[in-house]
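Reading through the structure tokens given below for one structure.
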Amino acid sequence: MNDNPAGDGTPSRPDPPRPGPPAAPGAAPGPAAPAGRGTPVGRRVVLGMLGLGVAGVAAGPYLQRAADTVVSKVSEKDPTGLTGLLPGGGFRYYSVVASVPTRTAEDYTLTVDGLVDRPSTLRLADLEAMPQTRIVHDVQCVTGWRVPGTPFEGVRLSHLLDAAGVRSGATAVRFTCFDGSYSESLTLDQARREDVLVALRMEDGPVTHAHGGPVRLYVAPMYFYKSAKWLSGITLTSTVQPGYWEHYGYDVDAWVGRSNGRDDAPTG
């Protein structure tokens, strides 16, 4: 998925003006999505990126990782969407905006606020100092593709919620992203699951910018659009607030194989 949904696994990338995004199977089509703009990518650049992608597959994971880095930088300003077709460990680059700013350890922050007793602003070093949990699951995109046995590592979302002190009126969690557009949500019970992470590592390396780094959400049992990339805000709310793709007909409760009209095998 953007691998996603401004996150991974969302069925959209910055393209020229087009009809609205495809609705989930069984859902009515939504309104037109905002059209992305970016710097045109020349034929030589596209062919070169295709060569990098093929070379990465042929030469193995180390060269592929380097190829992914180059491809992701160009993908951010690619209005054609062609870079989204490149092989990248089974993932695809998706974003709902034409360009996403880069955040580093020096300028990244994550806010935890809303219906909490102790609002906070966390830096990357703060998250790295917390207990880390490693999860290995398949990643399933609602558009159909799957990447088996993908490791994620980070802080359990429940740990951050406990540290913030959730107030009695809170029943849900809203997530916002520093791309400026993407959002997601979970019920409080879903957010407290042991397989929901604020992820700092993916595929045994730091989460790259293309995959939503330096920090992203990872919701293991749900379709990848729930695993919001470029995570910048965690807000406790009194009700569930539908996320970006859910306004276009995707299910709010996105359990793999039990939602969006799909019958995929559960991730595991």
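Starting from 1 in every chain, residues are counted up; chains themselves are A, B, ... following the order of the structure tokens, and ligands are numbered from 1 as listed.
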Run DSSP on the backbone of this structure and report the residues of range 117-209 of chain A it assigns to helix (DSSP H, G or I), as a PyMOL selection string. chain A and resi 124-128+157-164+188-191
Selection near range 220-235 of chain A, 8 Å with only C-alpha atoms, sequence-local residues under 4 positions removed, as a PyMOL selection string: chain A and resi 1+4-10+109-115+137-142+173-179+182-185+195-196+209+211-216+245+253-256+266-268
Do you know which residues are at most 7 Å from range 151-156 of chain A counting only C-alpha atoms, after dropping those on the same chain fewer than 3 positions away, and could you put them as a ChimeraX atom specification? /A:127,130-137,159,194,196-204
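Pairwise distance (CA of Thr237 in chain A, CA of Gly169 in chain A) equals 7.9 Å.
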